[in-house]
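Novice: Let me begin by handing over the structure; questions about it come next.
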Amino acid sequence: MTVQKLSINYKTLEEFKQFREYGLQELSMLEDLQANIIENDSESPFYGIYYGEKLVARMSLYRKDKRFDQYFEPKQDYVELWKLEVIQKYQNKGFGRELVEFAKSFGLPIKTNPRVKSDAFWTKMGFTPVHYNMERDLGENPLVWYPEGVSAQSTEELEA
Ligand code: COA
């Protein structure tokens, strides 16, 4: 199993249609490609795993700058992980874990905002819910992963 960075091209975008969470992000990538705003094979924020010829799992990673960090102590760059999804037929075979471990390998803290149904999976992956802060987390239920030496940022400042 190897995790690959996915490039934006018609083949990748066609493969994305197999995933349930196919939405604005993918459509805008397709439009950018069609309008020649981006080149074929431009880098995307997506990483995936192929099983044979088939893309069976994917996620999107985005590095956030320290200046915007409201979650971790000490304040630092962190990774936002979203759109983790394994095609149904391929679930429970370790693909999800492989992608999460890849995301952890950068050694940066990770924040994700999963769909409720997958909470048990995230707990298994060592993620914990944040102490909810209304202003910061409005509408989200973030889960985070702390590398060694990193802890939760105090939200008292925000609450004050
Ligand atoms: N609830 C509880 N545990 C789960 C789980 C779930 N929904 N999905 C996976 N796990 C556990 C596995 O049993 C495994 O545990 P183990 O190491 O003790 O054997 C561990 O998490 C890693 O599993 P893995 O095989 O890597 O999971 P996956 O490849 O299926 O990826 C998801 C996990 C959630 C990303 C994937 O199943 C998915 O995309 N699901 C989409 C829809 C969804 O959220 N479904 C939830 C049930 S409706």
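Chain labels follow the order of the structure tokens: the first chain is A, the next B, and so on; residue numbering restarts at 1 in every chain, and ligands are counted from 1 in their shown order.
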So which residues are near ligand 1, meaning at most 7 Å away with only C-alpha atoms and all ligand atoms counted, given back as JSON, numbers by chain?

Specialist: {"A": [84, 85, 86, 87, 88, 90, 91, 92, 93, 94, 95, 96, 97, 98, 115, 117, 118, 119, 120, 121, 124]}

Novice: Quick one: residues within 10 Å of Leu108 of chain A, only C-alpha atoms counted, chain neighbours fewer than 2 positions away excluded, as number ranges by chain?

Specialist: A: 63, 76-79, 103-106, 110-111, 145-148, 150

Novice: So, with only C-alpha atoms as the atoms that count, which of A:Met125, A:Leu24, A:Ala57, A:Val144 lies closest to Asn113 of chain A?

Specialist: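 When distances to Asn113 of chain A are compared using only C-alpha atoms, the smallest one comes from A:Val144.
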
Novice: Among chain A, which residues carry a DSSP assignment of strand (DSSP E or B), reported as number ranges by chain?

Specialist: A: 3-8, 42-51, 54-64, 72-73, 78-86, 110-112, 128-129, 143-145, 151-152

Novice: Identify, on the basis of only C-alpha atoms, every residue whose closest approach to Lys5 of chain A does not exceed 10 Å; exclude the query and any residue fewer than 6 positions from it along the same chain; express the result as a ChimeraX atom specification.

Specialist: /A:43-49,58-60

Novice: For the residues in the current selection, export N, CA, C and O atoms as a PDB file, in the first residue's frame.

Specialist:
```pdb
ATOM      1  N   GLU A  43      -0.542  19.898  -9.169  1.00  0.00           N
ATOM      2  CA  GLU A  43      -0.653  19.229  -7.867  1.00  0.00           C
ATOM      3  C   GLU A  43      -1.962  19.598  -7.184  1.00  0.00           C
ATOM      4  O   GLU A  43      -2.406  20.734  -7.228  1.00  0.00           O
ATOM      5  N   SER A  44      -2.569  18.616  -6.550  1.00  0.00           N
ATOM      6  CA  SER A  44      -3.782  18.878  -5.787  1.00  0.00           C
ATOM      7  C   SER A  44      -3.477  18.694  -4.310  1.00  0.00           C
ATOM      8  O   SER A  44      -2.423  18.176  -3.951  1.00  0.00           O
ATOM      9  N   PRO A  45      -4.401  19.081  -3.429  1.00  0.00           N
ATOM     10  CA  PRO A  45      -4.180  18.814  -2.005  1.00  0.00           C
ATOM     11  C   PRO A  45      -4.522  17.367  -1.640  1.00  0.00           C
ATOM     12  O   PRO A  45      -4.460  16.989  -0.482  1.00  0.00           O
ATOM     13  N   PHE A  46      -4.902  16.566  -2.632  1.00  0.00           N
ATOM     14  CA  PHE A  46      -5.348  15.197  -2.364  1.00  0.00           C
ATOM     15  C   PHE A  46      -4.221  14.169  -2.382  1.00  0.00           C
ATOM     16  O   PHE A  46      -3.289  14.268  -3.177  1.00  0.00           O
ATOM     17  N   TYR A  47      -4.372  13.201  -1.506  1.00  0.00           N
ATOM     18  CA  TYR A  47      -3.493  12.033  -1.478  1.00  0.00           C
ATOM     19  C   TYR A  47      -4.393  10.821  -1.579  1.00  0.00           C
ATOM     20  O   TYR A  47      -5.541  10.849  -1.113  1.00  0.00           O
ATOM     21  N   GLY A  48      -3.873   9.745  -2.180  1.00  0.00           N
ATOM     22  CA  GLY A  48      -4.728   8.581  -2.326  1.00  0.00           C
ATOM     23  C   GLY A  48      -3.957   7.285  -2.365  1.00  0.00           C
ATOM     24  O   GLY A  48      -2.722   7.273  -2.421  1.00  0.00           O
ATOM     25  N   ILE A  49      -4.709   6.201  -2.321  1.00  0.00           N
ATOM     26  CA  ILE A  49      -4.121   4.862  -2.432  1.00  0.00           C
ATOM     27  C   ILE A  49      -4.799   4.129  -3.596  1.00  0.00           C
ATOM     28  O   ILE A  49      -6.026   4.085  -3.678  1.00  0.00           O
ATOM     29  N   ARG A  58      -8.918   8.113  -0.354  1.00  0.00           N
ATOM     30  CA  ARG A  58      -8.318   9.422  -0.576  1.00  0.00           C
ATOM     31  C   ARG A  58      -8.571  10.335   0.619  1.00  0.00           C
ATOM     32  O   ARG A  58      -9.455  10.090   1.442  1.00  0.00           O
ATOM     33  N   MET A  59      -7.787  11.381   0.690  1.00  0.00           N
ATOM     34  CA  MET A  59      -7.998  12.442   1.686  1.00  0.00           C
ATOM     35  C   MET A  59      -7.379  13.710   1.138  1.00  0.00           C
ATOM     36  O   MET A  59      -6.593  13.682   0.201  1.00  0.00           O
ATOM     37  N   SER A  60      -7.751  14.810   1.750  1.00  0.00           N
ATOM     38  CA  SER A  60      -7.193  16.088   1.376  1.00  0.00           C
ATOM     39  C   SER A  60      -6.410  16.608   2.579  1.00  0.00           C
ATOM     40  O   SER A  60      -6.863  16.477   3.723  1.00  0.00           O
TER      41      SER A  60
END
```

Novice: If I take atom CA of Leu61 of chain A and atom CA of Thr112 of chain A, how far is one from the other in Å, to one decimal?

Specialist: 9.7 Å

Novice: Restricting the calculation to only C-alpha atoms: of A:Ser154, A:Phe72, A:Asn36, A:Lys54, which residue gets closest to Glu14 of chain A?

Specialist: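 Of A:Ser154, A:Phe72, A:Asn36, A:Lys54, the one nearest Glu14 of chain A, counting only C-alpha atoms, is A:Lys54.
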